[in-house]
Amino acid sequence: MSLAKRIIPCLDVDAGRVVKGVNFVDIRDAGDPVEVARRYDEQGADEITFLDITASSDDRETMVHMVEQVAGEVFIPLTVGGGIRSTDDIRRMLNAGADKVGINTAAVHNPEFVKEAAERFGSQCIVVAIDAKRVSAESEPARWEIFTHGGRKPTGIDAVEWAKKMVAYGAGEILLTSMDRDGTKIGFDLELTRAVSDAVNVPVIASGGVGTLEHLAEGVKEGHAEAVLAASIFHFGEFTVEQAKQCMQKAGIEVRL
Amino acid sequence: MNTVAVVDYGMGNLHSVAKALEHAGDCRVVVTHEAKLIREADRVVLPGVGAIRDCIAEIKRLELDKIIHEVSRDRPFLGVCVGMQALMDFSEENDGTQCLKVLPGQVKYFGDKLTDTQGTVLKVPHMGWNQVHQENNHPMWHGINQDERFYFVHSYYVEAGCPEIVAATSNHGVSFAAALTQGSLFATQFHPEKSQHAGLALYANFLKWDGKA
């Protein structure tokens, strides 16, 4: 009897609509978050993460309504990231039915925000998202730094040290994305994933670079991740979450089937 | 119509609990902290997330402790997550917090050096889908498979004061109470409202339960 490793599909949402082409064969409206979330729920997704990429602040309220709608239909944990900058943002998302919120750039600008959020709402709902990029030369010991603005802006902060600090400040989970691997489909940066997973006591979600089902299993076995997050391999109907779980099970990983 | 009061003391994912109950069966859900509305309900759910000291403080500030003692004995009552931990004698969380003492037992921290029997490090919070081993044939388990997985998220666990109240156990480096029961009271450490089919089945059972074991 033990905890199952989790598979988490991630959806990008702009003004309440799913973007970046979810493409199930028989879906009526691929932009409808409720319909897409329900599909993933049926496939056995362990959680769903929504990343709000809405640029205009006028459309932020739309995200709250979207969370309400999804939470009224889909009874698995929901995480909302993107644009979470204040405790008021968090309160609104949790009240709408989100279980966890992802804090990224706001944590880098103001680490105390993570502390405040964890004290107010509990660590269990505070996920700190870390976008990391390898900065060491090939001959040197591996080292990664935190980048903001979609991987364009270096901060000079060491990724492993940052993860430890965020956990000390109350983060209940770390969502770790390799900016080197994101979108490449060549697999997670396993060295990075393992370095962070082994350094902290809280669960780490591996993200960035998944192209095959085997990559997901590697994230757990070699990266020591508690959960794996992927977008495109599920969105285009290439693989279902269920297939991913069967593959992980064959690799000797405990999953919820 | 079956009326369910979901106790609102500002600490909990009330929206999800209310929606899951409505999905699970015919009922009218009232989200409230008013004593009168709670007493009028056929069934009561005490949800909860967050830190225990704040939960207990809010329950006391809203003068809900007496009502919780009362309705957890005289009608079907369901505590969820911190709503279960709040019912115990005492919690180690927040440097030690006196709880409501409805059920005998302590709430303990999983610890920072948790490992499984093979020595693999186990992360805290205990977050995700774990197996729930039913320890009795309670009506709340009707139609739910033995060792079914439910969704947990917690860093503290209940050590029951006596084995008779343990309705289910789970394991995360240590065996702990995943569900408790006493008379018309049932409580779960996991979140049924986040546990997909099995969770909705548990809520459906709660809506039908007559409060007897």
# chains A, B, ... in the order shown; residues from 1 in each chain; ligands from 1
>>> closest_atom_pairs(of="chain B", to="chain A", cutoff="9 Å", atoms="only C-alpha atoms", output="CSV")
residue,atom,partner,partner_atom,distance
B:Met11,CA,A:Phe121,CA,8.4
B:Gly12,CA,A:Asn95,CA,8.2
B:Asn13,CA,A:Gly97,CA,6.3
B:Leu14,CA,A:Asn95,CA,7.3
B:His15,CA,A:Gly97,CA,5.6
B:Ser16,CA,A:Gly97,CA,5.5
B:Ala18,CA,A:Gly72,CA,8.8
B:Lys19,CA,A:Gly72,CA,5.4
B:Ala20,CA,A:Phe75,CA,7.2
B:His23,CA,A:Glu73,CA,8.2
B:Val49,CA,A:Gly122,CA,7.4
B:Gly50,CA,A:Gly122,CA,4.4
B:Ala51,CA,A:Gly122,CA,5.8
B:Asp54,CA,A:Arg120,CA,9.0
B:Asp112,CA,A:Asn201,CA,7.0
B:Lys113,CA,A:Asn201,CA,8.4
B:Asp116,CA,A:Ser2,CA,8.8
B:Val121,CA,A:Asn201,CA,8.5
B:Leu122,CA,A:Asn201,CA,7.9
B:Lys123,CA,A:Val202,CA,5.1
B:Val124,CA,A:Val202,CA,5.2
B:Pro125,CA,A:Val202,CA,6.3
B:His126,CA,A:Leu3,CA,8.1
B:Met127,CA,A:Pro203,CA,7.6
B:Gly128,CA,A:Leu3,CA,6.6
B:Trp129,CA,A:Ala4,CA,5.6
B:Asn130,CA,A:Leu3,CA,4.5
B:Gln131,CA,A:Met1,CA,6.2
B:Val132,CA,A:Met1,CA,8.6
B:His133,CA,A:Met1,CA,9.0
B:Asp147,CA,A:Met1,CA,8.3
B:Arg149,CA,A:Arg256,CA,7.1
B:Tyr151,CA,A:Ile76,CA,8.0
B:Val153,CA,A:Gln124,CA,6.6
B:His154,CA,A:Gln124,CA,6.9
B:Ser155,CA,A:Gln124,CA,8.2
B:Ser170,CA,A:Met1,CA,7.5
B:Asn171,CA,A:Ser2,CA,6.4
B:His172,CA,A:Ser2,CA,6.5
B:Gly173,CA,A:Ser2,CA,8.7
B:Pro192,CA,A:Phe75,CA,8.5
B:Glu193,CA,A:Phe75,CA,5.8
B:Lys194,CA,A:Ile76,CA,4.2
B:Ser195,CA,A:Ile76,CA,5.7
B:Gln196,CA,A:Phe75,CA,4.9
B:His197,CA,A:Phe75,CA,8.1
B:Gly199,CA,A:Phe75,CA,8.2
B:Leu200,CA,A:Phe75,CA,8.2
>>> select_by_dssp(residues="region 94-136 of chain B", states="strand (DSSP E or B)", output="count of residues only")
18
>>> residues_around(residues="Thr240 (chain A)", least_positions_apart="3", cutoff="12 Å", atoms="only C-alpha atoms", output="PDB file with all heavy atoms, in the first residue's frame")
ATOM      1  N   ILE A   7       0.024  11.723 -12.648  1.00  0.00           N
ATOM      2  CA  ILE A   7       0.156  12.278 -13.992  1.00  0.00           C
ATOM      3  C   ILE A   7      -0.785  13.475 -14.098  1.00  0.00           C
ATOM      4  O   ILE A   7      -1.977  13.369 -13.807  1.00  0.00           O
ATOM      5  CB  ILE A   7      -0.171  11.232 -15.079  1.00  0.00           C
ATOM      6  CG1 ILE A   7       0.878  10.113 -15.017  1.00  0.00           C
ATOM      7  CG2 ILE A   7      -0.201  11.883 -16.459  1.00  0.00           C
ATOM      8  CD1 ILE A   7       0.746   9.086 -16.117  1.00  0.00           C
ATOM      9  N   ILE A   8      -0.213  14.611 -14.493  1.00  0.00           N
ATOM     10  CA  ILE A   8      -0.967  15.864 -14.494  1.00  0.00           C
ATOM     11  C   ILE A   8      -0.946  16.511 -15.877  1.00  0.00           C
ATOM     12  O   ILE A   8       0.083  17.051 -16.295  1.00  0.00           O
ATOM     13  CB  ILE A   8      -0.375  16.848 -13.456  1.00  0.00           C
ATOM     14  CG1 ILE A   8      -0.250  16.174 -12.080  1.00  0.00           C
ATOM     15  CG2 ILE A   8      -1.211  18.126 -13.376  1.00  0.00           C
ATOM     16  CD1 ILE A   8       0.495  17.012 -11.048  1.00  0.00           C
ATOM     17  N   PRO A   9      -2.058  16.481 -16.625  1.00  0.00           N
ATOM     18  CA  PRO A   9      -2.123  17.249 -17.867  1.00  0.00           C
ATOM     19  C   PRO A   9      -2.204  18.738 -17.541  1.00  0.00           C
ATOM     20  O   PRO A   9      -2.836  19.125 -16.557  1.00  0.00           O
ATOM     21  CB  PRO A   9      -3.420  16.780 -18.532  1.00  0.00           C
ATOM     22  CG  PRO A   9      -3.848  15.573 -17.773  1.00  0.00           C
ATOM     23  CD  PRO A   9      -3.288  15.709 -16.397  1.00  0.00           C
ATOM     24  N   ASN A  23      -6.618  18.659 -29.220  1.00  0.00           N
ATOM     25  CA  ASN A  23      -7.142  18.089 -30.451  1.00  0.00           C
ATOM     26  C   ASN A  23      -7.567  16.640 -30.298  1.00  0.00           C
ATOM     27  O   ASN A  23      -6.995  15.746 -30.875  1.00  0.00           O
ATOM     28  CB  ASN A  23      -6.068  18.231 -31.540  1.00  0.00           C
ATOM     29  CG  ASN A  23      -6.608  17.906 -32.910  1.00  0.00           C
ATOM     30  OD1 ASN A  23      -7.822  17.849 -33.099  1.00  0.00           O
ATOM     31  ND2 ASN A  23      -5.721  17.672 -33.857  1.00  0.00           N
ATOM     32  N   PHE A  24      -8.601  16.419 -29.466  1.00  0.00           N
ATOM     33  CA  PHE A  24      -9.163  15.075 -29.373  1.00  0.00           C
ATOM     34  C   PHE A  24     -10.017  14.838 -30.612  1.00  0.00           C
ATOM     35  O   PHE A  24     -10.627  15.773 -31.126  1.00  0.00           O
ATOM     36  CB  PHE A  24     -10.050  14.934 -28.129  1.00  0.00           C
ATOM     37  CG  PHE A  24      -9.306  15.102 -26.842  1.00  0.00           C
ATOM     38  CD1 PHE A  24      -9.693  16.063 -25.923  1.00  0.00           C
ATOM     39  CD2 PHE A  24      -8.231  14.292 -26.544  1.00  0.00           C
ATOM     40  CE1 PHE A  24      -9.015  16.213 -24.740  1.00  0.00           C
ATOM     41  CE2 PHE A  24      -7.552  14.440 -25.353  1.00  0.00           C
ATOM     42  CZ  PHE A  24      -7.945  15.398 -24.458  1.00  0.00           C
ATOM     43  N   VAL A  25     -10.070  13.598 -31.057  1.00  0.00           N
ATOM     44  CA  VAL A  25     -10.767  13.337 -32.320  1.00  0.00           C
ATOM     45  C   VAL A  25     -12.240  13.757 -32.322  1.00  0.00           C
ATOM     46  O   VAL A  25     -12.718  14.339 -33.272  1.00  0.00           O
ATOM     47  CB  VAL A  25     -10.661  11.848 -32.741  1.00  0.00           C
ATOM     48  CG1 VAL A  25      -9.396  11.647 -33.547  1.00  0.00           C
ATOM     49  CG2 VAL A  25     -10.729  10.902 -31.564  1.00  0.00           C
ATOM     50  N   ARG A  39     -12.658  15.318 -20.225  1.00  0.00           N
ATOM     51  CA  ARG A  39     -11.967  14.265 -20.978  1.00  0.00           C
ATOM     52  C   ARG A  39     -10.794  13.704 -20.187  1.00  0.00           C
ATOM     53  O   ARG A  39     -10.596  12.507 -20.085  1.00  0.00           O
ATOM     54  CB  ARG A  39     -11.417  14.803 -22.302  1.00  0.00           C
ATOM     55  CG  ARG A  39     -12.451  15.038 -23.338  1.00  0.00           C
ATOM     56  CD  ARG A  39     -13.294  13.791 -23.507  1.00  0.00           C
ATOM     57  NE  ARG A  39     -14.427  14.106 -24.353  1.00  0.00           N
ATOM     58  CZ  ARG A  39     -14.452  13.903 -25.660  1.00  0.00           C
ATOM     59  NH1 ARG A  39     -13.419  13.343 -26.250  1.00  0.00           N
ATOM     60  NH2 ARG A  39     -15.503  14.239 -26.354  1.00  0.00           N
ATOM     61  N   TYR A  40     -10.002  14.623 -19.650  1.00  0.00           N
ATOM     62  CA  TYR A  40      -8.832  14.175 -18.897  1.00  0.00           C
ATOM     63  C   TYR A  40      -9.238  13.432 -17.630  1.00  0.00           C
ATOM     64  O   TYR A  40      -8.590  12.467 -17.228  1.00  0.00           O
ATOM     65  CB  TYR A  40      -7.911  15.358 -18.568  1.00  0.00           C
ATOM     66  CG  TYR A  40      -7.093  15.781 -19.766  1.00  0.00           C
ATOM     67  CD1 TYR A  40      -7.020  17.110 -20.148  1.00  0.00           C
ATOM     68  CD2 TYR A  40      -6.406  14.837 -20.520  1.00  0.00           C
ATOM     69  CE1 TYR A  40      -6.275  17.495 -21.250  1.00  0.00           C
ATOM     70  CE2 TYR A  40      -5.666  15.200 -21.623  1.00  0.00           C
ATOM     71  CZ  TYR A  40      -5.600  16.536 -21.990  1.00  0.00           C
ATOM     72  OH  TYR A  40      -4.866  16.903 -23.075  1.00  0.00           O
ATOM     73  N   ASP A  41     -10.315  13.879 -17.012  1.00  0.00           N
ATOM     74  CA  ASP A  41     -10.847  13.197 -15.832  1.00  0.00           C
ATOM     75  C   ASP A  41     -11.236  11.762 -16.206  1.00  0.00           C
ATOM     76  O   ASP A  41     -10.876  10.808 -15.521  1.00  0.00           O
ATOM     77  CB  ASP A  41     -12.053  13.987 -15.317  1.00  0.00           C
ATOM     78  CG  ASP A  41     -12.717  13.342 -14.116  1.00  0.00           C
ATOM     79  OD1 ASP A  41     -11.997  12.831 -13.245  1.00  0.00           O
ATOM     80  OD2 ASP A  41     -13.959  13.341 -14.061  1.00  0.00           O
ATOM     81  N   GLU A  42     -11.928  11.611 -17.333  1.00  0.00           N
ATOM     82  CA  GLU A  42     -12.356  10.275 -17.781  1.00  0.00           C
ATOM     83  C   GLU A  42     -11.158   9.375 -18.092  1.00  0.00           C
ATOM     84  O   GLU A  42     -11.209   8.165 -17.897  1.00  0.00           O
ATOM     85  CB  GLU A  42     -13.233  10.381 -19.043  1.00  0.00           C
ATOM     86  CG  GLU A  42     -14.655  10.841 -18.745  1.00  0.00           C
ATOM     87  CD  GLU A  42     -15.367  11.333 -20.006  1.00  0.00           C
ATOM     88  OE1 GLU A  42     -14.831  11.173 -21.126  1.00  0.00           O
ATOM     89  OE2 GLU A  42     -16.483  11.892 -19.852  1.00  0.00           O
ATOM     90  N   GLN A  43     -10.092   9.975 -18.600  1.00  0.00           N
ATOM     91  CA  GLN A  43      -8.892   9.188 -18.929  1.00  0.00           C
ATOM     92  C   GLN A  43      -8.092   8.782 -17.694  1.00  0.00           C
ATOM     93  O   GLN A  43      -7.155   8.000 -17.782  1.00  0.00           O
ATOM     94  CB  GLN A  43      -7.962  10.004 -19.839  1.00  0.00           C
ATOM     95  CG  GLN A  43      -8.471  10.181 -21.243  1.00  0.00           C
ATOM     96  CD  GLN A  43      -7.452  10.949 -22.091  1.00  0.00           C
ATOM     97  OE1 GLN A  43      -6.316  11.177 -21.677  1.00  0.00           O
ATOM     98  NE2 GLN A  43      -7.855  11.350 -23.278  1.00  0.00           N
ATOM     99  N   GLY A  44      -8.459   9.367 -16.555  1.00  0.00           N
ATOM    100  CA  GLY A  44      -7.777   8.985 -15.318  1.00  0.00           C
ATOM    101  C   GLY A  44      -6.689   9.941 -14.860  1.00  0.00           C
ATOM    102  O   GLY A  44      -5.817   9.565 -14.075  1.00  0.00           O
ATOM    103  N   ALA A  45      -6.753  11.195 -15.344  1.00  0.00           N
ATOM    104  CA  ALA A  45      -5.782  12.187 -14.873  1.00  0.00           C
ATOM    105  C   ALA A  45      -5.885  12.298 -13.353  1.00  0.00           C
ATOM    106  O   ALA A  45      -6.978  12.281 -12.792  1.00  0.00           O
ATOM    107  CB  ALA A  45      -6.058  13.546 -15.513  1.00  0.00           C
ATOM    108  N   THR A 212       7.597  11.284 -25.183  1.00  0.00           N
ATOM    109  CA  THR A 212       7.133   9.899 -25.216  1.00  0.00           C
ATOM    110  C   THR A 212       6.648   9.490 -23.829  1.00  0.00           C
ATOM    111  O   THR A 212       6.932  10.170 -22.839  1.00  0.00           O
ATOM    112  CB  THR A 212       8.282   8.925 -25.590  1.00  0.00           C
ATOM    113  OG1 THR A 212       9.221   8.895 -24.506  1.00  0.00           O
ATOM    114  CG2 THR A 212       8.990   9.344 -26.867  1.00  0.00           C
ATOM    115  N   LEU A 213       5.953   8.367 -23.765  1.00  0.00           N
ATOM    116  CA  LEU A 213       5.471   7.881 -22.475  1.00  0.00           C
ATOM    117  C   LEU A 213       6.635   7.442 -21.584  1.00  0.00           C
ATOM    118  O   LEU A 213       6.588   7.575 -20.365  1.00  0.00           O
ATOM    119  CB  LEU A 213       4.494   6.728 -22.670  1.00  0.00           C
ATOM    120  CG  LEU A 213       3.222   7.088 -23.456  1.00  0.00           C
ATOM    121  CD1 LEU A 213       2.304   5.885 -23.522  1.00  0.00           C
ATOM    122  CD2 LEU A 213       2.504   8.273 -22.820  1.00  0.00           C
ATOM    123  N   ALA A 230       2.542  17.096 -18.241  1.00  0.00           N
ATOM    124  CA  ALA A 230       2.767  17.161 -19.678  1.00  0.00           C
ATOM    125  C   ALA A 230       1.587  17.837 -20.353  1.00  0.00           C
ATOM    126  O   ALA A 230       0.471  17.822 -19.832  1.00  0.00           O
ATOM    127  CB  ALA A 230       2.973  15.762 -20.252  1.00  0.00           C
ATOM    128  N   ALA A 231       1.848  18.427 -21.496  1.00  0.00           N
ATOM    129  CA  ALA A 231       0.794  19.113 -22.223  1.00  0.00           C
ATOM    130  C   ALA A 231       0.594  18.478 -23.588  1.00  0.00           C
ATOM    131  O   ALA A 231      -0.339  17.706 -23.796  1.00  0.00           O
ATOM    132  CB  ALA A 231       1.129  20.590 -22.352  1.00  0.00           C
ATOM    133  N   SER A 232       1.516  18.741 -24.505  1.00  0.00           N
ATOM    134  CA  SER A 232       1.268  18.409 -25.913  1.00  0.00           C
ATOM    135  C   SER A 232       1.036  16.918 -26.170  1.00  0.00           C
ATOM    136  O   SER A 232       0.217  16.568 -27.003  1.00  0.00           O
ATOM    137  CB  SER A 232       2.390  18.944 -26.789  1.00  0.00           C
ATOM    138  OG  SER A 232       3.626  18.472 -26.325  1.00  0.00           O
ATOM    139  N   ILE A 233       1.735  16.016 -25.462  1.00  0.00           N
ATOM    140  CA  ILE A 233       1.558  14.601 -25.815  1.00  0.00           C
ATOM    141  C   ILE A 233       0.125  14.130 -25.544  1.00  0.00           C
ATOM    142  O   ILE A 233      -0.340  13.194 -26.168  1.00  0.00           O
ATOM    143  CB  ILE A 233       2.552  13.634 -25.119  1.00  0.00           C
ATOM    144  CG1 ILE A 233       2.367  13.602 -23.624  1.00  0.00           C
ATOM    145  CG2 ILE A 233       3.965  13.907 -25.519  1.00  0.00           C
ATOM    146  CD1 ILE A 233       2.887  12.275 -23.040  1.00  0.00           C
ATOM    147  N   PHE A 234      -0.553  14.794 -24.621  1.00  0.00           N
ATOM    148  CA  PHE A 234      -1.948  14.426 -24.362  1.00  0.00           C
ATOM    149  C   PHE A 234      -2.915  15.227 -25.237  1.00  0.00           C
ATOM    150  O   PHE A 234      -3.911  14.718 -25.710  1.00  0.00           O
ATOM    151  CB  PHE A 234      -2.301  14.647 -22.893  1.00  0.00           C
ATOM    152  CG  PHE A 234      -1.500  13.787 -21.950  1.00  0.00           C
ATOM    153  CD1 PHE A 234      -0.888  14.338 -20.837  1.00  0.00           C
ATOM    154  CD2 PHE A 234      -1.366  12.416 -22.177  1.00  0.00           C
ATOM    155  CE1 PHE A 234      -0.153  13.544 -19.962  1.00  0.00           C
ATOM    156  CE2 PHE A 234      -0.635  11.615 -21.310  1.00  0.00           C
ATOM    157  CZ  PHE A 234      -0.025  12.184 -20.202  1.00  0.00           C
ATOM    158  N   HIS A 235      -2.600  16.492 -25.446  1.00  0.00           N
ATOM    159  CA  HIS A 235      -3.535  17.370 -26.152  1.00  0.00           C
ATOM    160  C   HIS A 235      -3.829  16.917 -27.572  1.00  0.00           C
ATOM    161  O   HIS A 235      -4.934  17.076 -28.066  1.00  0.00           O
ATOM    162  CB  HIS A 235      -2.996  18.802 -26.216  1.00  0.00           C
ATOM    163  CG  HIS A 235      -2.883  19.459 -24.884  1.00  0.00           C
ATOM    164  ND1 HIS A 235      -3.512  18.978 -23.767  1.00  0.00           N
ATOM    165  CD2 HIS A 235      -2.213  20.572 -24.498  1.00  0.00           C
ATOM    166  CE1 HIS A 235      -3.232  19.777 -22.735  1.00  0.00           C
ATOM    167  NE2 HIS A 235      -2.444  20.732 -23.157  1.00  0.00           N
ATOM    168  N   PHE A 236      -2.820  16.401 -28.261  1.00  0.00           N
ATOM    169  CA  PHE A 236      -3.043  16.074 -29.666  1.00  0.00           C
ATOM    170  C   PHE A 236      -3.539  14.649 -29.862  1.00  0.00           C
ATOM    171  O   PHE A 236      -3.567  14.135 -30.973  1.00  0.00           O
ATOM    172  CB  PHE A 236      -1.779  16.351 -30.484  1.00  0.00           C
ATOM    173  CG  PHE A 236      -1.391  17.792 -30.416  1.00  0.00           C
ATOM    174  CD1 PHE A 236      -0.257  18.202 -29.757  1.00  0.00           C
ATOM    175  CD2 PHE A 236      -2.225  18.760 -30.971  1.00  0.00           C
ATOM    176  CE1 PHE A 236       0.062  19.553 -29.662  1.00  0.00           C
ATOM    177  CE2 PHE A 236      -1.912  20.114 -30.883  1.00  0.00           C
ATOM    178  CZ  PHE A 236      -0.762  20.512 -30.217  1.00  0.00           C
ATOM    179  N   GLY A 237      -3.949  14.034 -28.749  1.00  0.00           N
ATOM    180  CA  GLY A 237      -4.529  12.699 -28.851  1.00  0.00           C
ATOM    181  C   GLY A 237      -3.499  11.627 -29.180  1.00  0.00           C
ATOM    182  O   GLY A 237      -3.849  10.485 -29.445  1.00  0.00           O
ATOM    183  N   GLN A 243      -2.929   5.339 -21.138  1.00  0.00           N
ATOM    184  CA  GLN A 243      -1.762   4.688 -21.741  1.00  0.00           C
ATOM    185  C   GLN A 243      -0.486   5.055 -20.998  1.00  0.00           C
ATOM    186  O   GLN A 243       0.392   4.218 -20.781  1.00  0.00           O
ATOM    187  CB  GLN A 243      -1.629   5.096 -23.217  1.00  0.00           C
ATOM    188  CG  GLN A 243      -2.658   4.427 -24.124  1.00  0.00           C
ATOM    189  CD  GLN A 243      -2.625   5.018 -25.528  1.00  0.00           C
ATOM    190  OE1 GLN A 243      -2.452   6.221 -25.712  1.00  0.00           O
ATOM    191  NE2 GLN A 243      -2.802   4.162 -26.526  1.00  0.00           N
ATOM    192  N   ALA A 244      -0.413   6.315 -20.603  1.00  0.00           N
ATOM    193  CA  ALA A 244       0.764   6.774 -19.863  1.00  0.00           C
ATOM    194  C   ALA A 244       0.895   6.013 -18.548  1.00  0.00           C
ATOM    195  O   ALA A 244       1.989   5.612 -18.145  1.00  0.00           O
ATOM    196  CB  ALA A 244       0.662   8.279 -19.598  1.00  0.00           C
ATOM    197  N   LYS A 245      -0.249   5.787 -17.899  1.00  0.00           N
ATOM    198  CA  LYS A 245      -0.213   5.076 -16.619  1.00  0.00           C
ATOM    199  C   LYS A 245       0.173   3.609 -16.802  1.00  0.00           C
ATOM    200  O   LYS A 245       0.915   3.054 -15.989  1.00  0.00           O
ATOM    201  CB  LYS A 245      -1.573   5.177 -15.930  1.00  0.00           C
ATOM    202  CG  LYS A 245      -1.815   6.561 -15.384  1.00  0.00           C
ATOM    203  CD  LYS A 245      -3.012   6.578 -14.487  1.00  0.00           C
ATOM    204  CE  LYS A 245      -3.088   7.893 -13.765  1.00  0.00           C
ATOM    205  NZ  LYS A 245      -4.253   7.965 -12.892  1.00  0.00           N
ATOM    206  N   GLN A 246      -0.329   3.009 -17.876  1.00  0.00           N
ATOM    207  CA  GLN A 246       0.036   1.614 -18.136  1.00  0.00           C
ATOM    208  C   GLN A 246       1.528   1.489 -18.374  1.00  0.00           C
ATOM    209  O   GLN A 246       2.176   0.559 -17.906  1.00  0.00           O
ATOM    210  CB  GLN A 246      -0.768   1.071 -19.327  1.00  0.00           C
ATOM    211  CG  GLN A 246      -2.191   0.705 -18.911  1.00  0.00           C
ATOM    212  CD  GLN A 246      -3.148   0.653 -20.084  1.00  0.00           C
ATOM    213  OE1 GLN A 246      -2.799   1.041 -21.203  1.00  0.00           O
ATOM    214  NE2 GLN A 246      -4.369   0.185 -19.845  1.00  0.00           N
ATOM    215  N   CYS A 247       2.080   2.449 -19.102  1.00  0.00           N
ATOM    216  CA  CYS A 247       3.517   2.444 -19.377  1.00  0.00           C
ATOM    217  C   CYS A 247       4.305   2.595 -18.080  1.00  0.00           C
ATOM    218  O   CYS A 247       5.306   1.898 -17.863  1.00  0.00           O
ATOM    219  CB  CYS A 247       3.849   3.581 -20.346  1.00  0.00           C
ATOM    220  SG  CYS A 247       5.600   3.769 -20.654  1.00  0.00           S
TER     221      CYS A 247
END
>>> atom_distance(atom1="CA of Leu11 (chain A)", atom2="CA of Ala117 (chain A)")
23.9 Å
>>> atom_distance(atom1="CA of Val127 (chain A)", atom2="CA of Gly170 (chain A)")
9.3 Å
>>> closest_residue(among="A:Arg91, A:Gly81, A:Asp32, A:Ser207", to="Gln69 (chain A)", atoms="only C-alpha atoms")
A:Asp32
>>> residues_around(residues="Arg85 (chain A)", least_positions_apart="6", cutoff="10 Å", atoms="only C-alpha atoms", output="VMD selection string")
chain A and resid 103 to 107 109 to 110 113 to 114
>>> atom_distance(atom1="CA of Ala30 (chain A)", atom2="CA of Cys10 (chain A)")
14.2 Å
